[in-house]
Amino acid sequence: MTQLTGQPILVLPEGAQRILGRDAQRVNISVARAVANAVRTTLGPKGMDKMLVDELGDIVVTNDGATILDEMSVEHPAGKMMVEVAKTQDKEVGDGTTTAVIVAGELLKNAEDMLDQKIHPSIIVRGYNMAANKSLELLKKHSLDVSADETEKLEQIADIAMTGKGAERVGKKFGEITVKAVKQVAEERNGKAVVDTEYIKIEKKQGGDMLDSELIEGLVIDKERVHAGMPKLIKDAKIALLDAAMEVKETETNAEIRITSPDQLQGFLEQEEKMLKGMVAQVKESGATVVFCQKGIDDVAQHFLSKEGIVAVRRVKKSDMENLARATDAKIVTNIKDLTSIDLGSAGIVEERKISGDDMIFVEECKDPKSVTILVRGGTEHVIDEAERSLHDAIGVVASAIEDGKVVLGGGYIEIEVSLGLDEYAKSVGGREQLAISAFAKALEVIPRTLAESAGMDSIDTLVELKAKHQKGEKNYGIDVTRNKLEDMQKLKVIEPTRIKEQAITSASEVAEMVLRIDDIISSSGKGKGGMPPDMGGMPPGMGGMPPM
C-alpha cells in the first residue's frame, strides 16, 4: 500500500504479508539451514537413521537424504528449494543427496556471516559462482580413471554407496549383483558407454533373508497364469508380446441387437467363439508357447490357449512389456492378425513360482538380455524398503562410474583438496569476491567435519590434522570412520564417482545463489498450504508435520 495526496492506493490484496531486505534473507537462510540440519547426522558410514511417521501412522526408517526430505513434506518455499536439491541429486546420480543439502546449508550459513559484515548479496553470489566453477576444475584434476572392465573397483564403489545403510551387512553380495546388472544393461553409443537404469527392475517380496536376494538375467513379473490348466514351466520358450485384447471388441457405436429365437442366440455365441478361436489359432500358428498380453484375455480364449498348451499372462504393465521386449528380443504387436514367428522372442525358461505365498512369473536364461530384475528379499517391509533404497543408490553410482570413467577418493579427501585449492584461487582473485570464495572453501569442510562427528571423533582436531597432512603432501589421506583415524583412502579403496561430487557442488551452489538473490517475500492471504506462515518474522511453525521441539 502506498499514499498519494492523502488517498491510499492498494497494490497488494488485503491481508497480504510482505518481508523486505535483510529480514527476508534471514528467514530464508534460517529455513534452509534447518532443512540441512535435519539430514546432517545421516552422513557417512556411521550416520544415524531417521524414523518418519506420517498422518496414517505409516513408518519409514532410513538415512537416505532424499527419502527423509520427501517424507517430511516441507511447506516453506525456501525449504522446498532445498528439497529440490536432494531430488535433483537423486535423479541425476542416485547418491550424494545428504552431501548436496548440507553443503548448501553451510554455504548459506557462511553467506549470512558475510551479509552481517555488509557485503552485498550480488558480490557473494558472484564469488560463489566463481568458486563452483573452480571446484569442478579441481575435481577433474584429482579424478582417477576407472573402466567397465574393472569389476572389483566397481563393486567397491557400490559397497561404499551402501555403507551405513540397512543393506550394509550384505553389501558385498549386493555390490556383485549391482555391478552385474549395470554391466548387463549398459550399451555403447557413439563410442561411449550409456546406462539406462530404468531397465534394471527391482522387485520386492517380503520373506526370507536379504541374502536370498538374487539377480534374474531376465524378468520377474508379479502376475500368474490366467488358467490353471496351463503348464507351470515352459523350456525354450517362444514369447509373444501383445498390446491387444484377446476379447471380442465392443461396437464403437451404441447398437441394439434383437434376438427373437434360441437359434439366433446360439449362432451369435458360436460366432463370438469362432472369433476367439481364430485369435488363438493365430497365436498357435506363429509358434508362440508363451503370451504376455497388456490387455484382457477372454475366458473362452483362456480355455483354448490352455488346450494348446500355451501359457498366457494378462494385464501386464506397459513398463514390464518394454522390459520383456529388451530381455527376450521380442516385438510388441498391436494387432493379433499381424503376429508372426519373426515377432517372437525367446527365453530358456518361463516358469510360475510361488514366492512368499504369491505366484510370480520368472522369465530366465535370456540370450544377452538388455533388461534384468533384482529380486529383493527381507524379513520385514521396512527392511525390504531400505534394501531397495540402498540398491537404488548403488545402481546410480556404478552407472555414473561406467558412463564417465572417473572416480575420486572419498572419506573427506576430495573436499579438503578442493577447499585448499579454492583458498589458493581466492588469493589470486582479490576484491570482495575472494571473501565469498574463501567462504565456499570453508563450507566444503563440513563434509569431513560431519564424518568425524558421526564417528565420535573430535571434529576440530581431526579437520586440523587432515588439512595439515594434505599441506605436507600426504595427499591421499581422509577419515577412516571404521577405525576412527586418518588413513590413506587409496589404500583402503574408498572411491566414489566424480559425478556425485560435481552434481552436489553444482546443485548446492545454485540453490544458495538463488536464496541469496531473494530480498522480498510477498505472501497473498488465504493461500493456505504452501503459502508463508502467519508469523513471517521467524521460522515457519511446521516444517511439514515435524513435531514442535
# chains A, B, ... in the order shown; residues from 1 in each chain; ligands from 1

$ residues_around --residues "Ala401 (chain A)" --least-positions-apart "4" --cutoff "12 Å" --atoms "only C-alpha atoms" --output "PyMOL selection string"
chain A and resi 93-94+143-151+153-158+179+182-183+186+193-195+394-397+405-408+495-500

$ write_last_selection --atoms "N, CA, C and O atoms" --output "short mmCIF file (atom, residue, chain, number, x, y, z; two decimals), in the first residue's frame"
data_model
loop_
_atom_site.label_atom_id
_atom_site.label_comp_id
_atom_site.auth_asym_id
_atom_site.auth_seq_id
_atom_site.Cartn_x
_atom_site.Cartn_y
_atom_site.Cartn_z
N VAL A 93 22.19 -38.76 -10.12
CA VAL A 93 23.28 -39.67 -9.74
C VAL A 93 22.81 -40.85 -8.90
O VAL A 93 23.36 -41.93 -8.98
N GLY A 94 21.78 -40.64 -8.08
CA GLY A 94 21.29 -41.73 -7.23
C GLY A 94 21.85 -41.71 -5.83
O GLY A 94 21.31 -42.33 -4.92
N SER A 143 40.65 -36.44 -10.21
CA SER A 143 39.91 -37.67 -10.55
C SER A 143 40.86 -38.77 -11.01
O SER A 143 41.91 -38.50 -11.59
N LEU A 144 40.43 -40.00 -10.77
CA LEU A 144 41.17 -41.18 -11.22
C LEU A 144 40.33 -41.89 -12.28
O LEU A 144 39.11 -41.76 -12.30
N ASP A 145 40.99 -42.65 -13.14
CA ASP A 145 40.27 -43.36 -14.20
C ASP A 145 39.75 -44.70 -13.70
O ASP A 145 40.38 -45.36 -12.88
N VAL A 146 38.59 -45.10 -14.23
CA VAL A 146 38.03 -46.43 -13.96
C VAL A 146 37.32 -46.88 -15.24
O VAL A 146 36.75 -46.07 -15.96
N SER A 147 37.41 -48.18 -15.52
CA SER A 147 36.75 -48.69 -16.73
C SER A 147 35.72 -49.75 -16.34
O SER A 147 35.75 -50.29 -15.23
N ALA A 148 34.84 -50.06 -17.30
CA ALA A 148 33.78 -51.06 -17.05
C ALA A 148 34.35 -52.45 -16.80
O ALA A 148 33.68 -53.31 -16.22
N ASP A 149 35.61 -52.67 -17.22
CA ASP A 149 36.23 -53.99 -17.02
C ASP A 149 36.77 -54.17 -15.60
O ASP A 149 37.05 -55.30 -15.18
N GLU A 150 36.93 -53.07 -14.86
CA GLU A 150 37.48 -53.16 -13.50
C GLU A 150 36.36 -53.49 -12.50
O GLU A 150 35.92 -52.66 -11.71
N THR A 151 35.93 -54.76 -12.56
CA THR A 151 34.79 -55.20 -11.76
C THR A 151 35.00 -54.98 -10.27
O THR A 151 34.10 -54.54 -9.56
N LYS A 153 36.80 -52.74 -8.69
CA LYS A 153 36.66 -51.32 -8.34
C LYS A 153 35.19 -50.91 -8.32
O LYS A 153 34.74 -50.18 -7.44
N LEU A 154 34.44 -51.38 -9.32
CA LEU A 154 33.02 -51.03 -9.41
C LEU A 154 32.24 -51.60 -8.23
O LEU A 154 31.35 -50.94 -7.68
N GLU A 155 32.60 -52.84 -7.83
CA GLU A 155 31.94 -53.44 -6.66
C GLU A 155 32.26 -52.65 -5.39
O GLU A 155 31.43 -52.51 -4.51
N GLN A 156 33.50 -52.13 -5.33
CA GLN A 156 33.90 -51.31 -4.18
C GLN A 156 33.09 -50.01 -4.13
O GLN A 156 32.65 -49.59 -3.07
N ILE A 157 32.86 -49.41 -5.30
CA ILE A 157 32.05 -48.19 -5.39
C ILE A 157 30.63 -48.45 -4.89
O ILE A 157 30.07 -47.68 -4.12
N ALA A 158 30.05 -49.60 -5.33
CA ALA A 158 28.69 -49.96 -4.91
C ALA A 158 28.65 -50.20 -3.40
O ALA A 158 27.71 -49.76 -2.71
N VAL A 179 26.73 -54.56 -9.88
CA VAL A 179 27.69 -54.41 -10.98
C VAL A 179 27.30 -55.30 -12.17
O VAL A 179 27.33 -54.86 -13.32
N VAL A 182 24.19 -53.66 -13.88
CA VAL A 182 24.51 -52.44 -14.63
C VAL A 182 25.29 -52.77 -15.90
O VAL A 182 25.00 -52.24 -16.98
N LYS A 183 26.27 -53.66 -15.79
CA LYS A 183 27.07 -54.04 -16.96
C LYS A 183 26.21 -54.75 -18.01
O LYS A 183 26.44 -54.61 -19.21
N ALA A 186 24.16 -52.05 -19.87
CA ALA A 186 24.96 -50.98 -20.49
C ALA A 186 25.05 -51.19 -22.00
O ALA A 186 25.13 -52.32 -22.48
N ALA A 193 29.91 -45.45 -23.31
CA ALA A 193 29.01 -46.32 -22.56
C ALA A 193 27.81 -45.52 -22.05
O ALA A 193 27.97 -44.43 -21.53
N VAL A 194 26.62 -46.08 -22.22
CA VAL A 194 25.38 -45.44 -21.74
C VAL A 194 24.60 -46.48 -20.93
O VAL A 194 24.42 -47.62 -21.37
N VAL A 195 24.18 -46.08 -19.74
CA VAL A 195 23.43 -47.00 -18.87
C VAL A 195 22.06 -46.37 -18.56
O VAL A 195 21.99 -45.30 -17.97
N ALA A 394 23.29 -47.65 -5.09
CA ALA A 394 24.41 -48.42 -5.65
C ALA A 394 24.34 -48.46 -7.18
O ALA A 394 25.35 -48.28 -7.87
N ILE A 395 23.15 -48.68 -7.72
CA ILE A 395 22.97 -48.73 -9.18
C ILE A 395 23.35 -47.38 -9.79
O ILE A 395 24.04 -47.31 -10.81
N GLY A 396 22.91 -46.29 -9.14
CA GLY A 396 23.21 -44.94 -9.64
C GLY A 396 24.70 -44.66 -9.70
O GLY A 396 25.20 -44.13 -10.70
N VAL A 397 25.43 -45.03 -8.64
CA VAL A 397 26.87 -44.70 -8.61
C VAL A 397 27.67 -45.57 -9.58
O VAL A 397 28.61 -45.08 -10.22
N GLY A 405 33.67 -42.84 -16.40
CA GLY A 405 35.02 -43.41 -16.28
C GLY A 405 35.92 -42.64 -15.34
O GLY A 405 37.14 -42.72 -15.41
N LYS A 406 35.31 -41.84 -14.41
CA LYS A 406 36.09 -41.02 -13.48
C LYS A 406 35.61 -41.23 -12.05
O LYS A 406 34.40 -41.23 -11.79
N VAL A 407 36.55 -41.38 -11.11
CA VAL A 407 36.22 -41.50 -9.69
C VAL A 407 37.17 -40.63 -8.87
O VAL A 407 38.23 -40.23 -9.35
N VAL A 408 36.75 -40.32 -7.64
CA VAL A 408 37.61 -39.58 -6.71
C VAL A 408 37.68 -40.36 -5.40
O VAL A 408 36.81 -41.19 -5.11
N ILE A 495 36.39 -45.13 -2.81
CA ILE A 495 36.24 -44.32 -4.03
C ILE A 495 34.77 -44.06 -4.33
O ILE A 495 33.90 -44.85 -4.01
N GLU A 496 34.52 -42.92 -4.97
CA GLU A 496 33.17 -42.51 -5.36
C GLU A 496 33.23 -41.91 -6.76
O GLU A 496 34.25 -41.32 -7.13
N PRO A 497 32.16 -42.02 -7.53
CA PRO A 497 32.16 -41.40 -8.87
C PRO A 497 32.32 -39.88 -8.76
O PRO A 497 31.73 -39.25 -7.88
N THR A 498 33.10 -39.31 -9.65
CA THR A 498 33.31 -37.86 -9.67
C THR A 498 31.99 -37.12 -9.86
O THR A 498 31.78 -36.05 -9.31
N ARG A 499 31.07 -37.74 -10.62
CA ARG A 499 29.80 -37.09 -10.92
C ARG A 499 28.99 -36.76 -9.66
O ARG A 499 28.27 -35.76 -9.62
N ILE A 500 29.11 -37.59 -8.62
CA ILE A 500 28.39 -37.33 -7.35
C ILE A 500 28.81 -35.98 -6.80
O ILE A 500 27.98 -35.14 -6.43
#

$ residues_around --residues "region 288-303 of chain A" --least-positions-apart "3" --cutoff "7 Å" --atoms "only C-alpha atoms" --output "PyMOL selection string"
chain A and resi 226-227+237-247+276-277+280+283-284+306-307+310-318+344

$ write_last_selection --atoms "C-alpha atoms" --output "mmCIF file, in the first residue's frame"
data_model
loop_
_atom_site.group_PDB
_atom_site.id
_atom_site.type_symbol
_atom_site.label_atom_id
_atom_site.label_comp_id
_atom_site.auth_asym_id
_atom_site.auth_seq_id
_atom_site.Cartn_x
_atom_site.Cartn_y
_atom_site.Cartn_z
ATOM 1 C CA VAL A 226 -4.649 -66.926 -16.472
ATOM 2 C CA HIS A 227 -5.750 -70.588 -16.448
ATOM 3 C CA ALA A 237 10.007 -70.607 -24.705
ATOM 4 C CA LYS A 238 8.898 -68.652 -27.764
ATOM 5 C CA ILE A 239 7.395 -65.436 -26.411
ATOM 6 C CA ALA A 240 4.700 -63.250 -27.970
ATOM 7 C CA LEU A 241 4.058 -59.743 -26.621
ATOM 8 C CA LEU A 242 0.558 -58.444 -27.384
ATOM 9 C CA ASP A 243 -0.669 -54.900 -26.910
ATOM 10 C CA ALA A 244 -4.155 -56.018 -27.958
ATOM 11 C CA ALA A 245 -7.038 -57.658 -26.103
ATOM 12 C CA MET A 246 -7.832 -61.312 -26.792
ATOM 13 C CA GLU A 247 -11.503 -60.472 -26.457
ATOM 14 C CA LEU A 276 -11.746 -66.066 -30.200
ATOM 15 C CA LYS A 277 -10.693 -69.436 -31.686
ATOM 16 C CA VAL A 280 -5.798 -68.436 -30.508
ATOM 17 C CA VAL A 283 -1.003 -67.295 -31.778
ATOM 18 C CA LYS A 284 -0.521 -71.061 -32.267
ATOM 19 C CA SER A 306 -4.828 -73.920 -22.248
ATOM 20 C CA LYS A 307 -5.862 -76.745 -24.619
ATOM 21 C CA ILE A 310 0.232 -72.108 -24.352
ATOM 22 C CA VAL A 311 0.954 -70.138 -21.168
ATOM 23 C CA ALA A 312 -0.758 -66.740 -21.056
ATOM 24 C CA VAL A 313 -0.442 -63.771 -18.683
ATOM 25 C CA ARG A 314 -2.812 -60.815 -18.918
ATOM 26 C CA ARG A 315 -2.862 -57.119 -17.920
ATOM 27 C CA VAL A 316 0.933 -56.869 -17.864
ATOM 28 C CA LYS A 317 2.186 -53.332 -17.133
ATOM 29 C CA LYS A 318 3.485 -51.295 -20.057
ATOM 30 C CA LEU A 344 8.622 -63.729 -31.194
#

$ select_by_dssp --residues "region 182-370 of chain A" --states "alpha helix (DSSP H)" --output "CSV table (one decimal) with N, CA and C atoms, in the first residue's frame"
chain,number,residue,atom,x,y,z
A,182,VAL,N,24.2,-53.7,-13.9
A,182,VAL,CA,24.5,-52.4,-14.6
A,182,VAL,C,25.3,-52.8,-15.9
A,183,LYS,N,26.3,-53.7,-15.8
A,183,LYS,CA,27.1,-54.0,-17.0
A,183,LYS,C,26.2,-54.8,-18.0
A,184,GLN,N,25.2,-55.5,-17.5
A,184,GLN,CA,24.3,-56.2,-18.5
A,184,GLN,C,23.5,-55.3,-19.3
A,185,VAL,N,23.0,-54.2,-18.7
A,185,VAL,CA,22.1,-53.3,-19.4
A,185,VAL,C,22.8,-52.2,-20.2
A,262,PRO,N,-34.0,-68.9,-30.0
A,262,PRO,CA,-32.8,-69.6,-29.4
A,262,PRO,C,-31.7,-69.8,-30.5
A,263,ASP,N,-32.2,-70.1,-31.7
A,263,ASP,CA,-31.2,-70.4,-32.8
A,263,ASP,C,-30.3,-69.2,-33.1
A,264,GLN,N,-31.0,-68.0,-33.0
A,264,GLN,CA,-30.2,-66.8,-33.3
A,264,GLN,C,-29.2,-66.5,-32.2
A,265,LEU,N,-29.6,-66.8,-30.9
A,265,LEU,CA,-28.7,-66.6,-29.8
A,265,LEU,C,-27.5,-67.6,-29.9
A,266,GLN,N,-27.8,-68.9,-30.3
A,266,GLN,CA,-26.8,-69.9,-30.4
A,266,GLN,C,-25.8,-69.4,-31.5
A,267,GLY,N,-26.3,-69.0,-32.6
A,267,GLY,CA,-25.5,-68.5,-33.7
A,267,GLY,C,-24.6,-67.3,-33.3
A,268,PHE,N,-25.2,-66.5,-32.5
A,268,PHE,CA,-24.4,-65.3,-32.0
A,268,PHE,C,-23.2,-65.7,-31.2
A,269,LEU,N,-23.5,-66.7,-30.3
A,269,LEU,CA,-22.4,-67.2,-29.4
A,269,LEU,C,-21.4,-68.0,-30.1
A,270,GLU,N,-21.8,-68.7,-31.1
A,270,GLU,CA,-20.9,-69.5,-31.9
A,270,GLU,C,-19.9,-68.6,-32.7
A,271,GLN,N,-20.5,-67.5,-33.2
A,271,GLN,CA,-19.7,-66.6,-34.0
A,271,GLN,C,-18.6,-65.9,-33.1
A,272,GLU,N,-19.0,-65.6,-31.9
A,272,GLU,CA,-18.1,-65.0,-30.9
A,272,GLU,C,-17.0,-66.0,-30.6
A,273,GLU,N,-17.4,-67.3,-30.4
A,273,GLU,CA,-16.4,-68.3,-30.1
A,273,GLU,C,-15.4,-68.5,-31.2
A,274,LYS,N,-16.0,-68.4,-32.4
A,274,LYS,CA,-15.2,-68.6,-33.6
A,274,LYS,C,-14.1,-67.5,-33.8
A,275,MET,N,-14.5,-66.3,-33.4
A,275,MET,CA,-13.5,-65.2,-33.5
A,275,MET,C,-12.4,-65.4,-32.4
A,276,LEU,N,-12.8,-65.8,-31.2
A,276,LEU,CA,-11.7,-66.1,-30.2
A,276,LEU,C,-10.8,-67.2,-30.6
A,277,LYS,N,-11.5,-68.3,-31.2
A,277,LYS,CA,-10.7,-69.4,-31.7
A,277,LYS,C,-9.7,-69.0,-32.7
A,278,GLY,N,-10.1,-68.1,-33.6
A,278,GLY,CA,-9.3,-67.5,-34.6
A,278,GLY,C,-8.0,-66.8,-34.1
A,279,MET,N,-8.3,-66.1,-33.0
A,279,MET,CA,-7.2,-65.4,-32.3
A,279,MET,C,-6.1,-66.4,-31.8
A,280,VAL,N,-6.7,-67.4,-31.1
A,280,VAL,CA,-5.8,-68.4,-30.5
A,280,VAL,C,-5.0,-69.2,-31.6
A,281,ALA,N,-5.7,-69.5,-32.7
A,281,ALA,CA,-5.1,-70.1,-33.9
A,281,ALA,C,-4.0,-69.3,-34.4
A,282,GLN,N,-4.2,-68.0,-34.5
A,282,GLN,CA,-3.1,-67.1,-35.0
A,282,GLN,C,-1.9,-67.2,-34.1
A,283,VAL,N,-2.1,-67.2,-32.7
A,283,VAL,CA,-1.0,-67.3,-31.8
A,283,VAL,C,-0.3,-68.6,-32.0
A,284,LYS,N,-1.1,-69.7,-32.1
A,284,LYS,CA,-0.5,-71.1,-32.3
A,284,LYS,C,0.3,-71.1,-33.5
A,285,GLU,N,-0.2,-70.6,-34.6
A,285,GLU,CA,0.4,-70.6,-35.9
A,285,GLU,C,1.8,-69.9,-35.9
A,286,SER,N,1.9,-68.8,-35.1
A,286,SER,CA,3.1,-68.1,-35.0
A,286,SER,C,4.2,-68.9,-34.4
A,299,ASP,N,-12.4,-65.4,-21.1
A,299,ASP,CA,-12.4,-66.8,-20.5
A,299,ASP,C,-12.4,-67.9,-21.6
A,300,VAL,N,-13.1,-67.7,-22.7
A,300,VAL,CA,-13.1,-68.7,-23.7
A,300,VAL,C,-11.7,-68.8,-24.4
A,301,ALA,N,-11.1,-67.7,-24.6
A,301,ALA,CA,-9.7,-67.7,-25.2
A,301,ALA,C,-8.8,-68.3,-24.2
A,302,GLN,N,-8.9,-68.1,-22.9
A,302,GLN,CA,-8.1,-68.8,-21.9
A,302,GLN,C,-8.2,-70.3,-22.1
A,303,HIS,N,-9.4,-70.8,-22.2
A,303,HIS,CA,-9.7,-72.2,-22.4
A,303,HIS,C,-9.0,-72.8,-23.6
A,304,PHE,N,-9.1,-72.1,-24.7
A,304,PHE,CA,-8.5,-72.6,-26.0
A,304,PHE,C,-6.9,-72.6,-25.9
A,305,LEU,N,-6.4,-71.5,-25.3
A,305,LEU,CA,-4.9,-71.4,-25.1
A,305,LEU,C,-4.4,-72.5,-24.2
A,306,SER,N,-5.2,-72.8,-23.2
A,306,SER,CA,-4.8,-73.9,-22.2
A,306,SER,C,-4.8,-75.3,-23.0
A,307,LYS,N,-5.8,-75.5,-23.9
A,307,LYS,CA,-5.9,-76.7,-24.6
A,307,LYS,C,-4.7,-76.9,-25.6
A,318,LYS,N,2.8,-51.7,-18.9
A,318,LYS,CA,3.5,-51.3,-20.1
A,318,LYS,C,5.0,-51.3,-19.9
A,319,SER,N,5.5,-50.9,-18.7
A,319,SER,CA,6.9,-50.9,-18.4
A,319,SER,C,7.5,-52.4,-18.4
A,320,ASP,N,6.7,-53.3,-17.9
A,320,ASP,CA,7.1,-54.7,-18.0
A,320,ASP,C,7.2,-55.2,-19.4
A,321,MET,N,6.2,-54.8,-20.2
A,321,MET,CA,6.2,-55.2,-21.6
A,321,MET,C,7.5,-54.7,-22.3
A,322,GLU,N,7.8,-53.5,-22.1
A,322,GLU,CA,9.0,-52.9,-22.7
A,322,GLU,C,10.3,-53.6,-22.2
A,323,ASN,N,10.3,-53.9,-20.9
A,323,ASN,CA,11.4,-54.7,-20.4
A,323,ASN,C,11.5,-56.1,-21.0
A,324,LEU,N,10.4,-56.7,-21.2
A,324,LEU,CA,10.3,-58.1,-21.8
A,324,LEU,C,10.9,-58.0,-23.2
A,325,ALA,N,10.5,-57.0,-23.9
A,325,ALA,CA,11.0,-56.8,-25.3
A,325,ALA,C,12.5,-56.7,-25.3
A,326,ARG,N,13.1,-56.0,-24.4
A,326,ARG,CA,14.6,-55.8,-24.3
A,326,ARG,C,15.2,-57.1,-23.9
A,327,ALA,N,14.6,-57.8,-23.0
A,327,ALA,CA,15.2,-59.0,-22.4
A,327,ALA,C,15.1,-60.2,-23.4
A,328,THR,N,14.0,-60.4,-24.1
A,328,THR,CA,13.8,-61.6,-24.9
A,328,THR,C,13.9,-61.3,-26.4

$ residues_around --residues "region 461-467 of chain A" --least-positions-apart "3" --cutoff "10 Å" --atoms "only C-alpha atoms" --output "short mmCIF file (atom, residue, chain, number, x, y, z; two decimals) with N, CA and C atoms, in the first residue's frame"
data_model
loop_
_atom_site.label_atom_id
_atom_site.label_comp_id
_atom_site.auth_asym_id
_atom_site.auth_seq_id
_atom_site.Cartn_x
_atom_site.Cartn_y
_atom_site.Cartn_z
N GLY A 412 36.26 -37.67 2.82
CA GLY A 412 36.58 -36.26 3.06
C GLY A 412 37.83 -35.80 2.35
N TYR A 413 38.53 -36.73 1.67
CA TYR A 413 39.78 -36.39 0.95
C TYR A 413 39.53 -35.30 -0.10
N ILE A 416 38.65 -31.71 1.09
CA ILE A 416 39.81 -30.97 1.62
C ILE A 416 40.69 -30.48 0.47
N GLU A 417 40.92 -31.33 -0.52
CA GLU A 417 41.74 -30.94 -1.67
C GLU A 417 41.13 -29.76 -2.42
N SER A 419 38.91 -27.63 -1.19
CA SER A 419 38.91 -26.49 -0.27
C SER A 419 40.26 -25.77 -0.27
N LEU A 420 41.35 -26.54 -0.20
CA LEU A 420 42.70 -25.94 -0.22
C LEU A 420 42.97 -25.27 -1.57
N GLU A 445 34.37 -27.93 3.95
CA GLU A 445 34.94 -28.65 5.10
C GLU A 445 33.87 -29.28 5.98
N VAL A 446 32.60 -28.93 5.75
CA VAL A 446 31.51 -29.51 6.55
C VAL A 446 31.43 -31.02 6.35
N PRO A 448 34.07 -33.48 5.78
CA PRO A 448 34.96 -34.21 6.70
C PRO A 448 34.63 -33.94 8.16
N ARG A 449 34.17 -32.73 8.47
CA ARG A 449 33.84 -32.40 9.86
C ARG A 449 32.66 -33.26 10.36
N THR A 450 31.66 -33.40 9.50
CA THR A 450 30.48 -34.21 9.86
C THR A 450 30.83 -35.69 9.93
N LEU A 451 31.69 -36.15 9.02
CA LEU A 451 32.13 -37.56 9.06
C LEU A 451 32.83 -37.86 10.38
N ALA A 452 33.68 -36.93 10.82
CA ALA A 452 34.39 -37.11 12.09
C ALA A 452 33.40 -37.13 13.27
N GLU A 453 32.42 -36.23 13.25
CA GLU A 453 31.41 -36.17 14.32
C GLU A 453 30.62 -37.47 14.40
N MET A 457 34.62 -38.83 16.69
CA MET A 457 35.95 -38.20 16.79
C MET A 457 35.79 -36.70 17.07
N ASP A 458 36.85 -36.08 17.54
CA ASP A 458 36.82 -34.63 17.74
C ASP A 458 36.91 -33.97 16.37
N HIS A 470 47.50 -32.88 4.22
CA HIS A 470 47.37 -32.52 2.81
C HIS A 470 48.37 -31.41 2.43
N GLN A 471 48.57 -30.47 3.34
CA GLN A 471 49.50 -29.37 3.07
C GLN A 471 50.95 -29.86 3.06
N LYS A 472 51.20 -30.96 3.81
CA LYS A 472 52.57 -31.54 3.83
C LYS A 472 52.83 -32.40 2.62
N GLU A 474 50.90 -35.28 1.97
CA GLU A 474 50.29 -36.61 2.14
C GLU A 474 48.85 -36.52 1.62
N LYS A 475 48.74 -36.46 0.30
CA LYS A 475 47.51 -36.06 -0.37
C LYS A 475 46.34 -37.04 -0.27
N TYR A 477 45.14 -38.77 2.08
CA TYR A 477 44.55 -39.04 3.41
C TYR A 477 43.12 -38.52 3.52
N GLY A 478 42.31 -39.34 4.20
CA GLY A 478 40.93 -38.99 4.52
C GLY A 478 40.59 -39.60 5.87
N ILE A 479 39.32 -39.58 6.24
CA ILE A 479 38.90 -40.09 7.55
C ILE A 479 38.43 -41.53 7.43
N ASN A 484 38.34 -44.89 13.32
CA ASN A 484 38.46 -43.58 13.98
C ASN A 484 39.86 -42.97 13.88
N LYS A 485 40.40 -42.96 12.66
CA LYS A 485 41.71 -42.32 12.45
C LYS A 485 41.85 -41.89 11.00
N LEU A 486 42.91 -41.12 10.73
CA LEU A 486 43.17 -40.70 9.35
C LEU A 486 43.93 -41.81 8.64
N GLU A 487 43.57 -42.06 7.39
CA GLU A 487 44.18 -43.16 6.67
C GLU A 487 44.24 -42.84 5.19
#

$ residues_around --residues "Ile384 (chain A)" --least-positions-apart "3" --cutoff "8 Å" --atoms "only C-alpha atoms" --output "ChimeraX atom specification"
/A:204-206,210,376-381,387-388

$ residues_around --residues "Asp95 (chain A)" --least-positions-apart "3" --cutoff "9 Å" --atoms "only C-alpha atoms" --output "ChimeraX atom specification"
/A:64-66,89-92,98-99,161,392-394,396-397,500

$ write_last_selection --atoms "N, CA, C and O atoms" --output "CSV table (one decimal), in the first residue's frame"
chain,number,residue,atom,x,y,z
A,64,ASP,N,18.5,-42.2,4.1
A,64,ASP,CA,18.6,-41.6,2.7
A,64,ASP,C,18.1,-40.2,2.7
A,64,ASP,O,16.9,-40.0,3.0
A,65,GLY,N,18.9,-39.3,2.4
A,65,GLY,CA,18.6,-37.8,2.5
A,65,GLY,C,17.3,-37.5,1.7
A,65,GLY,O,16.4,-36.8,2.1
A,66,ALA,N,17.3,-38.0,0.4
A,66,ALA,CA,16.1,-37.6,-0.5
A,66,ALA,C,14.8,-38.2,0.1
A,66,ALA,O,13.8,-37.5,0.1
A,89,GLN,N,19.7,-34.4,-7.2
A,89,GLN,CA,20.9,-35.2,-6.9
A,89,GLN,C,20.5,-36.7,-7.1
A,89,GLN,O,21.2,-37.5,-7.7
A,90,ASP,N,19.3,-37.0,-6.5
A,90,ASP,CA,18.9,-38.4,-6.5
A,90,ASP,C,18.6,-38.9,-7.9
A,90,ASP,O,18.9,-40.0,-8.3
A,91,LYS,N,18.0,-38.0,-8.7
A,91,LYS,CA,17.6,-38.3,-10.1
A,91,LYS,C,18.8,-38.4,-11.0
A,91,LYS,O,18.9,-39.3,-11.8
A,92,GLU,N,19.7,-37.5,-10.8
A,92,GLU,CA,20.9,-37.4,-11.7
A,92,GLU,C,21.9,-38.5,-11.4
A,92,GLU,O,22.5,-39.1,-12.3
A,98,THR,N,22.5,-36.2,0.7
A,98,THR,CA,22.8,-35.6,2.0
A,98,THR,C,24.0,-34.6,1.8
A,98,THR,O,23.9,-33.5,2.4
A,99,THR,N,25.0,-35.0,1.1
A,99,THR,CA,26.1,-34.1,0.8
A,99,THR,C,25.7,-32.8,0.2
A,99,THR,O,26.0,-31.7,0.6
A,161,ALA,N,28.7,-47.0,-1.5
A,161,ALA,CA,27.4,-46.3,-1.5
A,161,ALA,C,26.4,-46.9,-0.5
A,161,ALA,O,25.5,-46.2,0.0
A,392,HIS,N,19.2,-48.7,-5.1
A,392,HIS,CA,18.9,-47.6,-6.0
A,392,HIS,C,20.2,-46.7,-6.0
A,392,HIS,O,20.7,-46.3,-7.0
A,393,ASP,N,20.8,-46.4,-4.8
A,393,ASP,CA,22.0,-45.6,-4.7
A,393,ASP,C,23.2,-46.3,-5.4
A,393,ASP,O,23.9,-45.7,-6.1
A,394,ALA,N,23.3,-47.6,-5.1
A,394,ALA,CA,24.4,-48.4,-5.7
A,394,ALA,C,24.3,-48.5,-7.2
A,394,ALA,O,25.4,-48.3,-7.9
A,396,GLY,N,22.9,-46.3,-9.1
A,396,GLY,CA,23.2,-44.9,-9.6
A,396,GLY,C,24.7,-44.7,-9.7
A,396,GLY,O,25.2,-44.1,-10.7
A,397,VAL,N,25.4,-45.0,-8.6
A,397,VAL,CA,26.9,-44.7,-8.6
A,397,VAL,C,27.7,-45.6,-9.6
A,397,VAL,O,28.6,-45.1,-10.2
A,500,ILE,N,29.1,-37.6,-8.6
A,500,ILE,CA,28.4,-37.3,-7.4
A,500,ILE,C,28.8,-36.0,-6.8
A,500,ILE,O,28.0,-35.1,-6.4

$ closest_residue --among "A:Leu215, A:Val363, A:Val101, A:Ala111" --to "Lys235 (chain A)" --atoms "only C-alpha atoms"
A:Val363
